[in-house]
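Below is the file coords36.tsv, which contains TSV, C-alpha atoms and all ligand atoms.
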```
chain	number	residue	atom	x	y	z
B	1	MET	CA	16.62	-276.73	-99.19
B	2	VAL	CA	19.82	-274.77	-98.90
B	3	LEU	CA	22.69	-275.74	-101.13
B	4	GLU	CA	26.02	-274.36	-100.07
B	5	LEU	CA	27.90	-273.21	-103.11
B	6	PRO	CA	31.60	-273.79	-103.59
B	7	ALA	CA	33.77	-270.84	-102.50
B	8	PRO	CA	34.50	-268.38	-105.32
B	9	GLU	CA	37.86	-268.71	-107.00
B	10	LEU	CA	39.76	-265.54	-106.22
B	11	GLN	CA	43.42	-266.50	-106.43
B	12	ASN	CA	43.91	-267.96	-109.87
B	13	SER	CA	40.76	-267.20	-111.75
B	14	GLY	CA	41.97	-264.06	-113.48
B	15	SER	CA	41.23	-260.47	-112.75
B	16	LEU	CA	37.44	-260.50	-113.09
B	17	ALA	CA	36.83	-262.25	-109.77
B	18	ARG	CA	39.23	-259.83	-108.07
B	19	CYS	CA	37.35	-256.86	-109.54
B	20	ILE	CA	34.03	-258.29	-108.37
B	21	GLU	CA	35.45	-258.78	-104.89
B	22	GLU	CA	37.15	-255.38	-104.71
B	23	ARG	CA	34.37	-253.28	-106.25
B	24	ARG	CA	32.95	-250.77	-103.78
B	25	SER	CA	31.13	-247.51	-104.20
B	26	VAL	CA	33.87	-244.90	-103.88
B	27	ARG	CA	32.83	-241.30	-103.24
B	28	GLN	CA	36.12	-239.53	-102.56
B	29	TYR	CA	38.44	-238.52	-105.35
B	30	THR	CA	41.74	-236.67	-105.78
B	31	LYS	CA	42.02	-233.63	-108.04
B	32	VAL	CA	44.18	-235.58	-110.51
B	33	LEU	CA	43.25	-235.42	-114.21
B	34	LEU	CA	42.00	-238.66	-115.71
B	35	PRO	CA	44.02	-239.66	-118.78
B	36	ILE	CA	41.86	-239.58	-121.89
B	37	GLY	CA	42.74	-243.23	-122.53
B	38	VAL	CA	41.04	-244.10	-119.27
B	39	LEU	CA	37.88	-242.26	-120.31
B	40	SER	CA	37.98	-244.13	-123.61
B	41	GLN	CA	38.25	-247.47	-121.81
B	42	LEU	CA	35.33	-246.65	-119.50
B	43	LEU	CA	33.04	-245.64	-122.37
B	44	TRP	CA	33.98	-248.74	-124.31
B	45	ALA	CA	33.14	-250.89	-121.29
B	46	ALA	CA	29.79	-249.13	-121.03
B	47	LEU	CA	28.49	-249.04	-124.56
B	48	GLY	CA	31.40	-249.72	-126.90
B	49	VAL	CA	30.94	-251.74	-130.07
B	50	THR	CA	32.38	-255.18	-129.35
B	51	GLY	CA	31.24	-257.34	-132.23
B	52	PRO	CA	29.78	-257.64	-135.72
B	53	GLY	CA	26.39	-256.02	-136.30
B	54	GLN	CA	27.28	-253.14	-133.98
B	55	LYS	CA	26.78	-255.35	-130.94
B	56	ARG	CA	27.71	-253.54	-127.75
B	57	ALA	CA	29.50	-254.23	-124.47
B	58	THR	CA	26.19	-254.07	-122.60
B	59	PRO	CA	23.34	-256.41	-123.58
B	60	SER	CA	20.13	-254.89	-124.92
B	61	ALA	CA	16.63	-256.37	-125.17
B	62	GLY	CA	15.83	-257.06	-128.81
B	63	GLY	CA	19.10	-255.38	-129.81
B	64	LEU	CA	17.30	-252.04	-129.57
B	65	TYR	CA	20.14	-250.22	-127.77
B	66	PRO	CA	18.04	-247.41	-126.30
B	67	LEU	CA	20.78	-246.17	-123.95
B	68	HIS	CA	22.96	-243.16	-124.64
B	69	LEU	CA	25.82	-241.57	-122.75
B	70	GLN	CA	26.46	-237.91	-122.03
B	71	ILE	CA	29.62	-237.19	-120.09
B	72	VAL	CA	30.18	-234.19	-117.85
B	73	VAL	CA	33.94	-233.78	-118.07
B	74	GLN	CA	35.44	-231.94	-115.12
B	75	ARG	CA	39.09	-233.13	-115.16
B	76	VAL	CA	40.36	-235.13	-118.12
B	77	SER	CA	43.74	-234.64	-119.80
B	78	ALA	CA	43.61	-233.27	-123.34
B	79	LEU	CA	39.87	-232.57	-123.08
B	80	GLU	CA	38.23	-229.25	-122.26
B	81	PRO	CA	35.72	-229.41	-119.42
B	82	GLY	CA	32.20	-229.58	-120.84
B	83	THR	CA	29.39	-231.96	-121.67
B	84	TYR	CA	30.08	-234.53	-124.36
B	85	GLU	CA	28.02	-237.16	-126.12
B	86	TYR	CA	29.52	-240.60	-126.73
B	87	GLU	CA	29.17	-241.83	-130.30
B	88	ALA	CA	29.64	-245.56	-130.03
B	89	ASP	CA	29.77	-246.35	-133.75
B	90	SER	CA	32.88	-244.25	-134.20
B	91	HIS	CA	34.02	-244.52	-130.56
B	92	SER	CA	34.22	-240.75	-130.39
B	93	LEU	CA	32.98	-237.84	-128.32
B	94	LYS	CA	30.93	-234.89	-129.47
B	95	LEU	CA	30.99	-231.68	-127.44
B	96	VAL	CA	27.45	-230.55	-126.67
B	97	ALA	CA	28.00	-227.83	-124.06
B	98	ASN	CA	30.79	-225.84	-122.48
B	99	ARG	CA	32.02	-226.28	-118.90
B	100	VAL	CA	29.25	-226.91	-116.39
B	101	PRO	CA	29.78	-224.90	-113.16
B	102	GLU	CA	30.65	-227.10	-110.14
B	103	GLU	CA	27.57	-225.93	-108.24
B	104	ALA	CA	25.31	-227.03	-111.11
B	105	VAL	CA	26.90	-230.50	-111.09
B	106	GLN	CA	26.50	-230.70	-107.32
B	107	GLU	CA	22.82	-229.78	-107.64
B	108	LEU	CA	22.11	-232.74	-109.92
B	109	GLY	CA	21.87	-234.99	-106.86
B	110	ILE	CA	19.00	-235.36	-104.44
B	111	GLY	CA	20.40	-234.30	-101.07
B	112	ASP	CA	24.03	-233.55	-100.39
B	113	GLN	CA	26.17	-235.59	-102.78
B	114	PRO	CA	29.50	-233.72	-103.08
B	115	TRP	CA	31.03	-236.60	-105.08
B	116	LEU	CA	29.13	-235.28	-108.10
B	117	LYS	CA	31.19	-232.11	-108.23
B	118	GLU	CA	34.41	-233.80	-107.06
B	119	ALA	CA	34.44	-236.56	-109.69
B	120	ALA	CA	36.74	-236.18	-112.68
B	121	ILE	CA	33.82	-237.23	-114.86
B	122	VAL	CA	30.13	-237.89	-114.41
B	123	ILE	CA	28.78	-240.31	-116.99
B	124	GLY	CA	25.08	-239.66	-117.57
B	125	VAL	CA	23.09	-242.61	-118.83
B	126	SER	CA	19.87	-241.76	-120.64
B	127	ALA	CA	17.30	-243.55	-122.74
B	128	LYS	CA	14.71	-243.03	-125.41
B	129	LEU	CA	12.21	-244.43	-122.97
B	130	GLY	CA	9.16	-243.80	-125.16
B	131	ASP	CA	10.73	-245.70	-128.08
B	132	ALA	CA	11.49	-248.67	-125.85
B	133	VAL	CA	7.97	-248.65	-124.37
B	134	ARG	CA	6.40	-248.51	-127.86
B	135	HIS	CA	8.70	-251.22	-129.21
B	136	PHE	CA	7.64	-253.70	-126.53
B	137	GLU	CA	4.04	-252.45	-126.23
B	138	PRO	CA	2.50	-255.70	-127.56
B	139	GLN	CA	4.17	-257.69	-124.79
B	140	PRO	CA	2.53	-257.90	-121.37
B	141	PRO	CA	2.38	-256.09	-119.06
B	142	GLN	CA	1.45	-253.56	-121.69
B	143	GLY	CA	3.32	-250.30	-121.50
B	144	GLU	CA	5.66	-251.52	-118.79
B	145	ARG	CA	7.97	-254.03	-120.39
B	146	GLY	CA	10.01	-251.54	-122.41
B	147	ALA	CA	10.68	-249.40	-119.34
B	148	ARG	CA	11.71	-252.46	-117.31
B	149	TYR	CA	14.21	-253.37	-120.00
B	150	VAL	CA	15.68	-249.87	-120.03
B	151	TYR	CA	16.36	-249.97	-116.30
B	152	MET	CA	17.79	-253.50	-116.51
B	153	GLU	CA	20.13	-252.38	-119.27
B	154	THR	CA	21.15	-249.37	-117.20
B	155	GLY	CA	22.08	-251.71	-114.34
B	156	ALA	CA	24.14	-253.94	-116.63
B	157	LEU	CA	25.92	-250.92	-118.06
B	158	ALA	CA	26.60	-249.50	-114.60
B	159	GLN	CA	28.14	-252.77	-113.44
B	160	ASN	CA	30.41	-252.91	-116.49
B	161	VAL	CA	31.61	-249.40	-115.67
B	162	HIS	CA	32.04	-250.23	-111.98
B	163	LEU	CA	34.15	-253.30	-112.76
B	164	GLN	CA	36.18	-251.52	-115.40
B	165	SER	CA	36.82	-248.68	-112.92
B	166	THR	CA	37.94	-251.19	-110.30
B	167	ALA	CA	40.26	-252.85	-112.82
B	168	LEU	CA	41.81	-249.45	-113.54
B	169	GLY	CA	42.20	-248.60	-109.84
B	170	LEU	CA	39.59	-245.83	-110.05
B	171	GLY	CA	36.76	-244.91	-107.73
B	172	CYS	CA	33.19	-245.08	-109.01
B	173	VAL	CA	29.74	-244.64	-107.56
B	174	LEU	CA	26.34	-245.07	-109.18
B	175	VAL	CA	24.06	-242.16	-108.34
B	176	ALA	CA	20.41	-242.85	-109.11
B	177	GLY	CA	19.13	-240.27	-106.65
B	178	PHE	CA	19.08	-237.28	-108.97
B	179	ASP	CA	16.82	-234.44	-110.02
B	180	ASP	CA	15.49	-235.51	-113.44
B	181	ALA	CA	14.76	-232.00	-114.70
B	182	ARG	CA	18.20	-230.67	-113.74
B	183	VAL	CA	19.96	-233.69	-115.26
B	184	LYS	CA	18.03	-233.22	-118.50
B	185	GLU	CA	19.14	-229.61	-118.63
B	186	VAL	CA	22.83	-230.20	-117.83
B	187	LEU	CA	23.16	-233.21	-120.12
B	188	ARG	CA	21.30	-231.27	-122.86
B	189	LEU	CA	18.87	-234.13	-123.37
B	190	PRO	CA	16.19	-233.73	-126.03
B	191	SER	CA	12.61	-234.00	-124.78
B	192	ASN	CA	12.29	-237.66	-125.88
B	193	MET	CA	15.17	-238.81	-123.66
B	194	GLU	CA	15.05	-239.56	-119.94
B	195	PRO	CA	18.01	-239.85	-117.57
B	196	THR	CA	18.37	-243.26	-115.91
B	197	ALA	CA	21.66	-243.09	-113.98
B	198	LEU	CA	24.75	-241.05	-113.19
B	199	LEU	CA	28.18	-242.59	-112.64
B	200	CYS	CA	30.76	-240.49	-110.77
B	201	ILE	CA	34.34	-241.54	-111.45
B	202	GLY	CA	37.74	-240.26	-110.39
B	203	GLN	CA	41.08	-241.28	-108.94
B	204	ARG	CA	40.22	-242.64	-105.53
B	205	ARG	CA	41.37	-240.55	-102.56
B	206	ASP	CA	41.55	-243.39	-100.03
B	207	ILE	CA	44.63	-245.14	-101.46
T	301	LIG	C1	20.01	-248.42	-107.89
T	301	LIG	C2	21.11	-247.80	-107.05
T	301	LIG	C3	21.02	-246.45	-106.74
T	301	LIG	C4	22.03	-245.84	-106.01
T	301	LIG	N1	21.98	-244.49	-105.81
T	301	LIG	C5	22.97	-243.90	-105.11
T	301	LIG	C6	22.96	-242.48	-104.94
T	301	LIG	O1	22.06	-241.76	-105.39
T	301	LIG	N2	24.00	-241.93	-104.27
T	301	LIG	C7	25.04	-242.68	-103.76
T	301	LIG	O2	25.96	-242.09	-103.19
T	301	LIG	N3	25.06	-244.03	-103.91
T	301	LIG	C8	24.07	-244.65	-104.57
T	301	LIG	N4	24.11	-246.00	-104.77
T	301	LIG	C9	25.23	-246.80	-104.21
T	301	LIG	C10	24.80	-247.62	-102.97
T	301	LIG	O3	24.67	-246.75	-101.86
T	301	LIG	C11	25.86	-248.71	-102.70
T	301	LIG	O4	25.91	-249.60	-103.79
T	301	LIG	C12	25.56	-249.50	-101.41
T	301	LIG	O5	25.74	-248.69	-100.27
T	301	LIG	C13	26.44	-250.75	-101.28
T	301	LIG	O6	27.82	-250.39	-101.20
T	301	LIG	P1	28.90	-250.87	-102.25
T	301	LIG	O7	28.45	-250.40	-103.62
T	301	LIG	O8	30.18	-250.17	-101.84
T	301	LIG	O9	29.03	-252.35	-102.20
T	301	LIG	C14	23.13	-246.62	-105.52
T	301	LIG	C15	23.18	-247.99	-105.83
T	301	LIG	C16	22.20	-248.56	-106.59
T	301	LIG	C17	22.32	-250.03	-106.94
```
Take the structure I supplied and represent it as structure tokens, if you would.
Amino acid sequence: MVLELPAPELQNSGSLARCIEERRSVRQYTKVLLPIGVLSQLLWAALGVTGPGQKRATPSAGGLYPLHLQIVVQRVSALEPGTYEYEADSHSLKLVANRVPEEAVQELGIGDQPWLKEAAIVIGVSAKLGDAVRHFEPQPPQGERGARYVYMETGALAQNVHLQSTALGLGCVLVAGFDDARVKEVLRLPSNMEPTALLCIGQRRDI
């Protein structure tokens, strides 16, 4: 049986429906600096604390919150280029490495993905995958459930960032085709953390 759903409400249902409709993967950016307030808004939408008990913007299985964000800053006002770590509890950034050369950012992608080096920022999503796997080990299928949850949470986070970018008039693309070893090196990830996604964001060049 096929049930035809009512048409989505796009005119008067607030901005969320418009953002869902307008969201596209955008891979061309201007050279304009992103205001730091915009970066703040994007990180909040990704993993910001939004409620009592340190609850976050993105849901997390068992409230484990295994995801972390490292941001390669290439063009943000009032912020030196470099790699930063997002500290959600204090909604702050910690510098972890100085400016990453453009070529090194470009080489994070599998194949030719120039949007990596052209983005104002690349948000790296990473996870303590082993912790998540161990935490959910007793649940079937053993050894797999924790990893599944990590990738689901990454998807939820990525969509929050996509929609927030759309709401701000920015371009964003999720890059999951990346070289794990290179990403670990550039994001300065400790050995117990694995990269799960990259999000390239900048002022869109097509408008
Ligand atoms: C899991 C996943 C991985 C993706 N990886 C890449 C990628 O490595 N590089 C890229 O340019 N786009 C990537 N994309 C974006 C898709 O190409 C894009 O979502 C698709 O073409 C549909 O277009 P739209 O997002 O504009 O609606 C990825 C999307 C998803 C959901």
- Do you know which residues are within 9 Å of ligand LIG 301 (chain T) using all atoms listed in the file? Can you write them as a list of chain:residue names? B:Arg23, B:Arg24, B:Ser25, B:Val26, B:Arg27, B:Gly109, B:Ile110, B:Gly111, B:Gln113, B:Trp115, B:Leu116, B:Gly155, B:Ala158, B:Cys172, B:Val173, B:Leu174, B:Val175, B:Ala176, B:Gly177, B:Phe178, B:Ala197, B:Leu198
- Please write as a list in words the list of polymer residues whose atoms come within 6 Å of (32.2, -231.8, -117.6), counting only C-alpha atoms and keeping to the coordinates of the file.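 It turns out the residues near that spot are Val72, Val73, Gln74, Pro81, Gly82, Thr83, Arg99 and Val100 of chain B.
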As AutoDock Vina command-line options, please: the centre and edge lengths in Å, to one decimal, of an axis-aligned box enclosing every listed atom of stretch 40-59 of chain B with 6 Å added on each side.
```
--center_x 30.8 --center_y -250.9 --center_z -127.9 --size_x 26.9 --size_y 25.5 --size_z 28.8
```
- Task: Between B:Val49, B:Ala61, B:Leu5, B:Ala78, single out the one closest to B:Arg145, counting all atoms listed in the file.
- Result: B:Ala61
- Item | stretch 66-71 of chain B surroundings by only C-alpha atoms, 8 Å radius, close-in-sequence under 6 positions cut, as a ChimeraX atom specification | /B:60,83-86,121-129,131-132,150,153-154,187
- Item | Counting only C-alpha atoms, the option among B:Glu4, B:Glu22, B:Glu118, B:Asp89 closest to B:Thr50 |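 Distance minimum relative to B:Thr50 lands on B:Asp89.
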- Message: Using all atoms listed in the file, which protein or nucleic acid residues come within 8 Å of B:Val76? Drop anything in the same chain fewer than 6 positions from it, and give the result as a list in words.
- Response: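 Counting only the stated atoms, we get Leu33, Leu34, Pro35, Ile36, Leu39, Ala120 and Ile121 of chain B.
Within 6 Å of B:Gly171, once all atoms listed in the file are used and residues closer than 4 positions along the same chain are dropped, the contacting residues are Val26, Ile201, Gly202, Gln203 and Arg204 of chain B.
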- Query: In Å to one decimal, how far is atom CA of B:Ala119 from atom CA of B:Arg56?
  - Reply: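 So the answer is 25.7 Å.
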- How many Å separate atom CA of B:Ala57 from atom CA of B:Ala17? 18.3 Å
